[in-house]
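File shown: start33.cif. Contents: mmCIF, N, CA and C atoms, pLDDT in the B column; chains and numbers go by the auth columns.
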data_data
loop_
_atom_site.group_PDB
_atom_site.id
_atom_site.type_symbol
_atom_site.label_atom_id
_atom_site.label_comp_id
_atom_site.label_asym_id
_atom_site.label_seq_id
_atom_site.Cartn_x
_atom_site.Cartn_y
_atom_site.Cartn_z
_atom_site.B_iso_or_equiv
_atom_site.auth_seq_id
_atom_site.auth_asym_id
ATOM 1 N N MET A 1 9.262 1.272 27.681 65.00 177 A
ATOM 2 C CA MET A 1 9.917 0.154 27.036 65.00 177 A
ATOM 3 C C MET A 1 11.378 0.454 26.730 65.00 177 A
ATOM 4 N N LEU A 2 11.670 1.692 26.336 69.00 178 A
ATOM 5 C CA LEU A 2 13.050 2.042 26.010 69.00 178 A
ATOM 6 C C LEU A 2 13.794 2.618 27.212 69.00 178 A
ATOM 7 N N GLY A 3 13.082 2.858 28.303 76.00 179 A
ATOM 8 C CA GLY A 3 13.723 3.416 29.483 76.00 179 A
ATOM 9 C C GLY A 3 14.054 4.887 29.350 76.00 179 A
ATOM 10 N N CYS A 4 13.307 5.600 28.535 74.00 180 A
ATOM 11 C CA CYS A 4 13.546 7.024 28.306 74.00 180 A
ATOM 12 C C CYS A 4 12.627 7.853 29.192 74.00 180 A
ATOM 13 N N ASP A 5 13.202 8.788 29.934 76.00 181 A
ATOM 14 C CA ASP A 5 12.390 9.671 30.763 76.00 181 A
ATOM 15 C C ASP A 5 11.756 10.781 29.944 76.00 181 A
ATOM 16 N N THR A 6 12.533 11.416 29.107 75.00 182 A
ATOM 17 C CA THR A 6 12.060 12.523 28.278 75.00 182 A
ATOM 18 C C THR A 6 12.377 12.213 26.828 75.00 182 A
ATOM 19 N N ILE A 7 11.394 12.376 25.973 75.00 183 A
ATOM 20 C CA ILE A 7 11.596 12.066 24.563 75.00 183 A
ATOM 21 C C ILE A 7 11.177 13.259 23.723 75.00 183 A
ATOM 22 N N GLY A 8 12.079 13.752 22.910 76.00 184 A
ATOM 23 C CA GLY A 8 11.747 14.785 21.941 76.00 184 A
ATOM 24 C C GLY A 8 11.301 14.121 20.654 76.00 184 A
ATOM 25 N N ALA A 9 10.493 14.809 19.895 78.00 185 A
ATOM 26 C CA ALA A 9 10.004 14.245 18.632 78.00 185 A
ATOM 27 C C ALA A 9 10.080 15.292 17.535 78.00 185 A
ATOM 28 N N LEU A 10 10.365 14.848 16.328 79.00 186 A
ATOM 29 C CA LEU A 10 10.431 15.716 15.165 79.00 186 A
ATOM 30 C C LEU A 10 9.694 15.016 14.039 79.00 186 A
ATOM 31 N N ASP A 11 8.657 15.637 13.526 78.00 187 A
ATOM 32 C CA ASP A 11 7.868 15.069 12.435 78.00 187 A
ATOM 33 C C ASP A 11 8.362 15.682 11.130 78.00 187 A
ATOM 34 N N VAL A 12 9.014 14.869 10.297 79.00 188 A
ATOM 35 C CA VAL A 12 9.581 15.347 9.037 79.00 188 A
ATOM 36 C C VAL A 12 8.694 14.875 7.905 79.00 188 A
ATOM 37 N N ARG A 13 8.132 15.804 7.170 75.00 189 A
ATOM 38 C CA ARG A 13 7.237 15.445 6.058 75.00 189 A
ATOM 39 C C ARG A 13 7.865 15.903 4.742 75.00 189 A
ATOM 40 N N ASN A 14 8.887 15.196 4.338 72.00 190 A
ATOM 41 C CA ASN A 14 9.603 15.526 3.109 72.00 190 A
ATOM 42 C C ASN A 14 9.535 14.400 2.095 72.00 190 A
ATOM 43 N N GLN A 15 8.552 13.546 2.225 69.00 191 A
ATOM 44 C CA GLN A 15 8.377 12.420 1.310 69.00 191 A
ATOM 45 C C GLN A 15 9.649 11.575 1.265 69.00 191 A
ATOM 46 N N CYS A 16 10.163 11.306 0.100 70.00 192 A
ATOM 47 C CA CYS A 16 11.292 10.376 -0.052 70.00 192 A
ATOM 48 C C CYS A 16 12.573 10.869 0.605 70.00 192 A
ATOM 49 N N SER A 17 12.793 12.170 0.610 82.00 193 A
ATOM 50 C CA SER A 17 14.025 12.704 1.191 82.00 193 A
ATOM 51 C C SER A 17 13.928 12.868 2.707 82.00 193 A
ATOM 52 N N GLY A 18 12.778 12.596 3.295 83.00 194 A
ATOM 53 C CA GLY A 18 12.575 12.788 4.725 83.00 194 A
ATOM 54 C C GLY A 18 13.501 11.972 5.589 83.00 194 A
ATOM 55 N N PHE A 19 13.755 10.720 5.231 85.00 195 A
ATOM 56 C CA PHE A 19 14.632 9.871 6.030 85.00 195 A
ATOM 57 C C PHE A 19 16.065 10.380 5.986 85.00 195 A
ATOM 58 N N VAL A 20 16.529 10.799 4.809 87.00 196 A
ATOM 59 C CA VAL A 20 17.884 11.338 4.676 87.00 196 A
ATOM 60 C C VAL A 20 18.013 12.615 5.500 87.00 196 A
ATOM 61 N N TYR A 21 16.998 13.483 5.437 89.00 197 A
ATOM 62 C CA TYR A 21 17.005 14.716 6.214 89.00 197 A
ATOM 63 C C TYR A 21 16.999 14.418 7.710 89.00 197 A
ATOM 64 N N ALA A 22 16.169 13.475 8.142 88.00 198 A
ATOM 65 C CA ALA A 22 16.082 13.132 9.559 88.00 198 A
ATOM 66 C C ALA A 22 17.402 12.584 10.089 88.00 198 A
ATOM 67 N N THR A 23 18.079 11.764 9.303 90.00 199 A
ATOM 68 C CA THR A 23 19.366 11.236 9.755 90.00 199 A
ATOM 69 C C THR A 23 20.428 12.329 9.817 90.00 199 A
ATOM 70 N N SER A 24 20.371 13.314 8.919 92.00 200 A
ATOM 71 C CA SER A 24 21.343 14.411 8.978 92.00 200 A
ATOM 72 C C SER A 24 21.072 15.311 10.182 92.00 200 A
ATOM 73 N N VAL A 25 19.800 15.519 10.524 91.00 201 A
ATOM 74 C CA VAL A 25 19.462 16.289 11.731 91.00 201 A
ATOM 75 C C VAL A 25 19.922 15.527 12.969 91.00 201 A
ATOM 76 N N ALA A 26 19.681 14.226 13.003 90.00 202 A
ATOM 77 C CA ALA A 26 20.131 13.403 14.131 90.00 202 A
ATOM 78 C C ALA A 26 21.644 13.461 14.273 90.00 202 A
ATOM 79 N N ASN A 27 22.342 13.386 13.166 94.00 203 A
ATOM 80 C CA ASN A 27 23.803 13.463 13.169 94.00 203 A
ATOM 81 C C ASN A 27 24.280 14.794 13.745 94.00 203 A
ATOM 82 N N ALA A 28 23.627 15.886 13.362 95.00 204 A
ATOM 83 C CA ALA A 28 23.999 17.212 13.867 95.00 204 A
ATOM 84 C C ALA A 28 23.767 17.315 15.378 95.00 204 A
ATOM 85 N N PHE A 29 22.655 16.747 15.875 91.00 205 A
ATOM 86 C CA PHE A 29 22.376 16.760 17.316 91.00 205 A
ATOM 87 C C PHE A 29 23.433 15.973 18.087 91.00 205 A
ATOM 88 N N ILE A 30 23.854 14.837 17.540 92.00 206 A
ATOM 89 C CA ILE A 30 24.867 14.018 18.210 92.00 206 A
ATOM 90 C C ILE A 30 26.223 14.716 18.192 92.00 206 A
ATOM 91 N N LYS A 31 26.603 15.266 17.042 96.00 207 A
ATOM 92 C CA LYS A 31 27.905 15.949 16.942 96.00 207 A
ATOM 93 C C LYS A 31 27.986 17.176 17.835 96.00 207 A
ATOM 94 N N SER A 32 26.861 17.866 18.021 96.00 208 A
ATOM 95 C CA SER A 32 26.859 19.068 18.863 96.00 208 A
ATOM 96 C C SER A 32 26.823 18.731 20.347 96.00 208 A
ATOM 97 N N GLY A 33 26.584 17.464 20.676 93.00 209 A
ATOM 98 C CA GLY A 33 26.526 17.051 22.065 93.00 209 A
ATOM 99 C C GLY A 33 25.170 17.249 22.711 93.00 209 A
ATOM 100 N N THR A 34 24.174 17.657 21.922 89.00 210 A
ATOM 101 C CA THR A 34 22.829 17.859 22.458 89.00 210 A
ATOM 102 C C THR A 34 22.227 16.545 22.934 89.00 210 A
ATOM 103 N N TYR A 35 22.407 15.492 22.154 87.00 211 A
ATOM 104 C CA TYR A 35 21.905 14.165 22.498 87.00 211 A
ATOM 105 C C TYR A 35 23.004 13.138 22.280 87.00 211 A
ATOM 106 N N LYS A 36 22.947 12.058 23.042 86.00 212 A
ATOM 107 C CA LYS A 36 23.904 10.967 22.881 86.00 212 A
ATOM 108 C C LYS A 36 23.361 9.890 21.947 86.00 212 A
ATOM 109 N N ASN A 37 22.072 9.603 22.068 85.00 213 A
ATOM 110 C CA ASN A 37 21.420 8.576 21.252 85.00 213 A
ATOM 111 C C ASN A 37 20.164 9.152 20.612 85.00 213 A
ATOM 112 N N ILE A 38 19.928 8.797 19.373 87.00 214 A
ATOM 113 C CA ILE A 38 18.743 9.245 18.647 87.00 214 A
ATOM 114 C C ILE A 38 18.198 8.068 17.845 87.00 214 A
ATOM 115 N N LEU A 39 16.889 7.910 17.884 86.00 215 A
ATOM 116 C CA LEU A 39 16.218 6.874 17.108 86.00 215 A
ATOM 117 C C LEU A 39 15.481 7.543 15.961 86.00 215 A
ATOM 118 N N VAL A 40 15.791 7.150 14.731 87.00 216 A
ATOM 119 C CA VAL A 40 15.114 7.672 13.541 87.00 216 A
ATOM 120 C C VAL A 40 14.262 6.548 12.964 87.00 216 A
ATOM 121 N N VAL A 41 12.978 6.820 12.783 84.00 217 A
ATOM 122 C CA VAL A 41 12.050 5.836 12.235 84.00 217 A
ATOM 123 C C VAL A 41 11.496 6.383 10.929 84.00 217 A
ATOM 124 N N GLY A 42 11.586 5.612 9.868 80.00 218 A
ATOM 125 C CA GLY A 42 11.057 6.038 8.575 80.00 218 A
ATOM 126 C C GLY A 42 9.858 5.184 8.187 80.00 218 A
ATOM 127 N N ALA A 43 8.777 5.836 7.808 77.00 219 A
ATOM 128 C CA ALA A 43 7.572 5.128 7.364 77.00 219 A
ATOM 129 C C ALA A 43 6.853 6.005 6.358 77.00 219 A
ATOM 130 N N GLU A 44 6.214 5.393 5.407 72.00 220 A
ATOM 131 C CA GLU A 44 5.504 6.157 4.398 72.00 220 A
ATOM 132 C C GLU A 44 4.300 5.359 3.913 72.00 220 A
ATOM 133 N N ILE A 45 3.216 6.032 3.715 71.00 221 A
ATOM 134 C CA ILE A 45 2.027 5.422 3.130 71.00 221 A
ATOM 135 C C ILE A 45 1.354 6.475 2.262 71.00 221 A
ATOM 136 N N HIS A 46 0.914 6.051 1.105 66.00 222 A
ATOM 137 C CA HIS A 46 0.195 6.970 0.228 66.00 222 A
ATOM 138 C C HIS A 46 -1.245 7.089 0.707 66.00 222 A
ATOM 139 N N SER A 47 -1.780 8.251 0.564 67.00 223 A
ATOM 140 C CA SER A 47 -3.157 8.487 0.991 67.00 223 A
ATOM 141 C C SER A 47 -4.111 7.584 0.228 67.00 223 A
ATOM 142 N N PHE A 48 -5.063 7.025 0.935 70.00 224 A
ATOM 143 C CA PHE A 48 -6.079 6.197 0.293 70.00 224 A
ATOM 144 C C PHE A 48 -7.077 7.066 -0.464 70.00 224 A
ATOM 145 N N GLY A 49 -6.993 8.377 -0.272 70.00 225 A
ATOM 146 C CA GLY A 49 -7.889 9.295 -0.970 70.00 225 A
ATOM 147 C C GLY A 49 -7.387 9.717 -2.338 70.00 225 A
ATOM 148 N N LEU A 50 -6.210 9.215 -2.758 68.00 226 A
ATOM 149 C CA LEU A 50 -5.683 9.570 -4.074 68.00 226 A
ATOM 150 C C LEU A 50 -6.493 8.917 -5.186 68.00 226 A
ATOM 151 N N ASP A 51 -6.666 9.654 -6.242 68.00 227 A
ATOM 152 C CA ASP A 51 -7.330 9.122 -7.440 68.00 227 A
ATOM 153 C C ASP A 51 -6.249 8.537 -8.338 68.00 227 A
ATOM 154 N N PHE A 52 -6.183 7.217 -8.449 68.00 228 A
ATOM 155 C CA PHE A 52 -5.136 6.560 -9.226 68.00 228 A
ATOM 156 C C PHE A 52 -5.517 6.363 -10.696 68.00 228 A
ATOM 157 N N SER A 53 -6.679 6.852 -11.109 72.00 229 A
ATOM 158 C CA SER A 53 -7.069 6.714 -12.511 72.00 229 A
ATOM 159 C C SER A 53 -6.269 7.699 -13.366 72.00 229 A
ATOM 160 N N ASP A 54 -6.178 7.413 -14.664 70.00 230 A
ATOM 161 C CA ASP A 54 -5.431 8.262 -15.587 70.00 230 A
ATOM 162 C C ASP A 54 -6.289 9.369 -16.200 70.00 230 A
ATOM 163 N N GLU A 55 -7.545 9.397 -15.866 74.00 231 A
ATOM 164 C CA GLU A 55 -8.473 10.359 -16.456 74.00 231 A
ATOM 165 C C GLU A 55 -8.126 11.788 -16.023 74.00 231 A
ATOM 166 N N ARG A 56 -7.971 12.692 -17.002 71.00 232 A
ATOM 167 C CA ARG A 56 -7.681 14.112 -16.784 71.00 232 A
ATOM 168 C C ARG A 56 -6.434 14.354 -15.945 71.00 232 A
ATOM 169 N N ARG A 57 -5.419 13.545 -16.121 69.00 233 A
ATOM 170 C CA ARG A 57 -4.208 13.691 -15.341 69.00 233 A
ATOM 171 C C ARG A 57 -3.047 14.118 -16.238 69.00 233 A
ATOM 172 N N GLY A 58 -2.251 15.074 -15.736 69.00 234 A
ATOM 173 C CA GLY A 58 -1.076 15.511 -16.462 69.00 234 A
ATOM 174 C C GLY A 58 0.201 14.907 -15.926 69.00 234 A
ATOM 175 N N VAL A 59 0.112 14.172 -14.783 66.00 235 A
ATOM 176 C CA VAL A 59 1.283 13.528 -14.169 66.00 235 A
ATOM 177 C C VAL A 59 0.943 12.074 -13.893 66.00 235 A
ATOM 178 N N SER A 60 1.936 11.288 -13.563 63.00 236 A
ATOM 179 C CA SER A 60 1.736 9.867 -13.310 63.00 236 A
ATOM 180 C C SER A 60 1.961 9.549 -11.837 63.00 236 A
ATOM 181 N N VAL A 61 1.190 8.622 -11.303 65.00 237 A
ATOM 182 C CA VAL A 61 1.399 8.122 -9.946 65.00 237 A
ATOM 183 C C VAL A 61 2.322 6.915 -10.051 65.00 237 A
ATOM 184 N N ILE A 62 3.420 6.932 -9.310 66.00 238 A
ATOM 185 C CA ILE A 62 4.372 5.825 -9.340 66.00 238 A
ATOM 186 C C ILE A 62 3.911 4.761 -8.358 66.00 238 A
ATOM 187 N N MET A 63 3.701 3.570 -8.856 63.00 239 A
ATOM 188 C CA MET A 63 3.265 2.448 -8.014 63.00 239 A
ATOM 189 C C MET A 63 4.392 1.440 -7.924 63.00 239 A
ATOM 190 N N GLU A 64 4.493 0.773 -6.790 57.00 240 A
ATOM 191 C CA GLU A 64 5.527 -0.251 -6.603 57.00 240 A
ATOM 192 C C GLU A 64 5.051 -1.571 -7.153 57.00 240 A
#
Translate the structure described by the file into structure tokens.
Amino acid sequence: MLGCDTIGALDVRNQCSGFVYATSVANAFIKSGTYKNILVVGAEIHSFGLDFSDERRGVSVIME
């Protein structure tokens, strides 16, 4: 679909700062001449296995 013959991938698992980190890595690759174009995709989902109850918890889960 994108017309790419070879695609490299980098899985960044840094939670909220992951997108900022990924864009800085992409910027470094472009500035060094390693790549001309880079696509950065940011997505996040909380695990459905999390216990969202307040029982026996010392920290809070932030909900949107």
Residue by residue, what does the PyMOL selection byres (((chain A and resi 218 and name CA) around 12) and name CA) grab here? Present the result as a list of chain:residue names. A:Leu186, A:Asp187, A:Val188, A:Arg189, A:Asn190, A:Gln191, A:Cys192, A:Ser193, A:Gly194, A:Phe195, A:Val196, A:Tyr197, A:Ala198, A:Thr199, A:Leu215, A:Val216, A:Val217, A:Ala219, A:Glu220, A:Ile221
Since we have the selection now, will you write its residues out, keeping N, CA and C atoms, as a PDB file, in the coordinates of the input?
ATOM      1  N   LEU A 186      10.365  14.848  16.328  1.00 79.00           N
ATOM      2  CA  LEU A 186      10.431  15.716  15.165  1.00 79.00           C
ATOM      3  C   LEU A 186       9.694  15.016  14.039  1.00 79.00           C
ATOM      4  N   ASP A 187       8.657  15.637  13.526  1.00 78.00           N
ATOM      5  CA  ASP A 187       7.868  15.069  12.435  1.00 78.00           C
ATOM      6  C   ASP A 187       8.362  15.682  11.130  1.00 78.00           C
ATOM      7  N   VAL A 188       9.014  14.869  10.297  1.00 79.00           N
ATOM      8  CA  VAL A 188       9.581  15.347   9.037  1.00 79.00           C
ATOM      9  C   VAL A 188       8.694  14.875   7.905  1.00 79.00           C
ATOM     10  N   ARG A 189       8.132  15.804   7.170  1.00 75.00           N
ATOM     11  CA  ARG A 189       7.237  15.445   6.058  1.00 75.00           C
ATOM     12  C   ARG A 189       7.865  15.903   4.742  1.00 75.00           C
ATOM     13  N   ASN A 190       8.887  15.196   4.338  1.00 72.00           N
ATOM     14  CA  ASN A 190       9.603  15.526   3.109  1.00 72.00           C
ATOM     15  C   ASN A 190       9.535  14.400   2.095  1.00 72.00           C
ATOM     16  N   GLN A 191       8.552  13.546   2.225  1.00 69.00           N
ATOM     17  CA  GLN A 191       8.377  12.420   1.310  1.00 69.00           C
ATOM     18  C   GLN A 191       9.649  11.575   1.265  1.00 69.00           C
ATOM     19  N   CYS A 192      10.163  11.306   0.100  1.00 70.00           N
ATOM     20  CA  CYS A 192      11.292  10.376  -0.052  1.00 70.00           C
ATOM     21  C   CYS A 192      12.573  10.869   0.605  1.00 70.00           C
ATOM     22  N   SER A 193      12.793  12.170   0.610  1.00 82.00           N
ATOM     23  CA  SER A 193      14.025  12.704   1.191  1.00 82.00           C
ATOM     24  C   SER A 193      13.928  12.868   2.707  1.00 82.00           C
ATOM     25  N   GLY A 194      12.778  12.596   3.295  1.00 83.00           N
ATOM     26  CA  GLY A 194      12.575  12.788   4.725  1.00 83.00           C
ATOM     27  C   GLY A 194      13.501  11.972   5.589  1.00 83.00           C
ATOM     28  N   PHE A 195      13.755  10.720   5.231  1.00 85.00           N
ATOM     29  CA  PHE A 195      14.632   9.871   6.030  1.00 85.00           C
ATOM     30  C   PHE A 195      16.065  10.380   5.986  1.00 85.00           C
ATOM     31  N   VAL A 196      16.529  10.799   4.809  1.00 87.00           N
ATOM     32  CA  VAL A 196      17.884  11.338   4.676  1.00 87.00           C
ATOM     33  C   VAL A 196      18.013  12.615   5.500  1.00 87.00           C
ATOM     34  N   TYR A 197      16.998  13.483   5.437  1.00 89.00           N
ATOM     35  CA  TYR A 197      17.005  14.716   6.214  1.00 89.00           C
ATOM     36  C   TYR A 197      16.999  14.418   7.710  1.00 89.00           C
ATOM     37  N   ALA A 198      16.169  13.475   8.142  1.00 88.00           N
ATOM     38  CA  ALA A 198      16.082  13.132   9.559  1.00 88.00           C
ATOM     39  C   ALA A 198      17.402  12.584  10.089  1.00 88.00           C
ATOM     40  N   THR A 199      18.079  11.764   9.303  1.00 90.00           N
ATOM     41  CA  THR A 199      19.366  11.236   9.755  1.00 90.00           C
ATOM     42  C   THR A 199      20.428  12.329   9.817  1.00 90.00           C
ATOM     43  N   LEU A 215      16.889   7.910  17.884  1.00 86.00           N
ATOM     44  CA  LEU A 215      16.218   6.874  17.108  1.00 86.00           C
ATOM     45  C   LEU A 215      15.481   7.543  15.961  1.00 86.00           C
ATOM     46  N   VAL A 216      15.791   7.150  14.731  1.00 87.00           N
ATOM     47  CA  VAL A 216      15.114   7.672  13.541  1.00 87.00           C
ATOM     48  C   VAL A 216      14.262   6.548  12.964  1.00 87.00           C
ATOM     49  N   VAL A 217      12.978   6.820  12.783  1.00 84.00           N
ATOM     50  CA  VAL A 217      12.050   5.836  12.235  1.00 84.00           C
ATOM     51  C   VAL A 217      11.496   6.383  10.929  1.00 84.00           C
ATOM     52  N   ALA A 219       8.777   5.836   7.808  1.00 77.00           N
ATOM     53  CA  ALA A 219       7.572   5.128   7.364  1.00 77.00           C
ATOM     54  C   ALA A 219       6.853   6.005   6.358  1.00 77.00           C
ATOM     55  N   GLU A 220       6.214   5.393   5.407  1.00 72.00           N
ATOM     56  CA  GLU A 220       5.504   6.157   4.398  1.00 72.00           C
ATOM     57  C   GLU A 220       4.300   5.359   3.913  1.00 72.00           C
ATOM     58  N   ILE A 221       3.216   6.032   3.715  1.00 71.00           N
ATOM     59  CA  ILE A 221       2.027   5.422   3.130  1.00 71.00           C
ATOM     60  C   ILE A 221       1.354   6.475   2.262  1.00 71.00           C
TER      61      ILE A 221
END
As a check of understanding: the span from atom CA of Ile206 of chain A to atom N of Asp181 of chain A is 17.3 Å
### Message
Quick check, in Å to one decimal: how far apart do atom CA of Asn213 of chain A and atom CA of Ala185 of chain A lie?
### Response
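Here the two named atoms are 13.0 Å from each other.
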Pairwise distance, atom CA of Gly179 of chain A with atom N of Lys212 of chain A, equals 14.2 Å
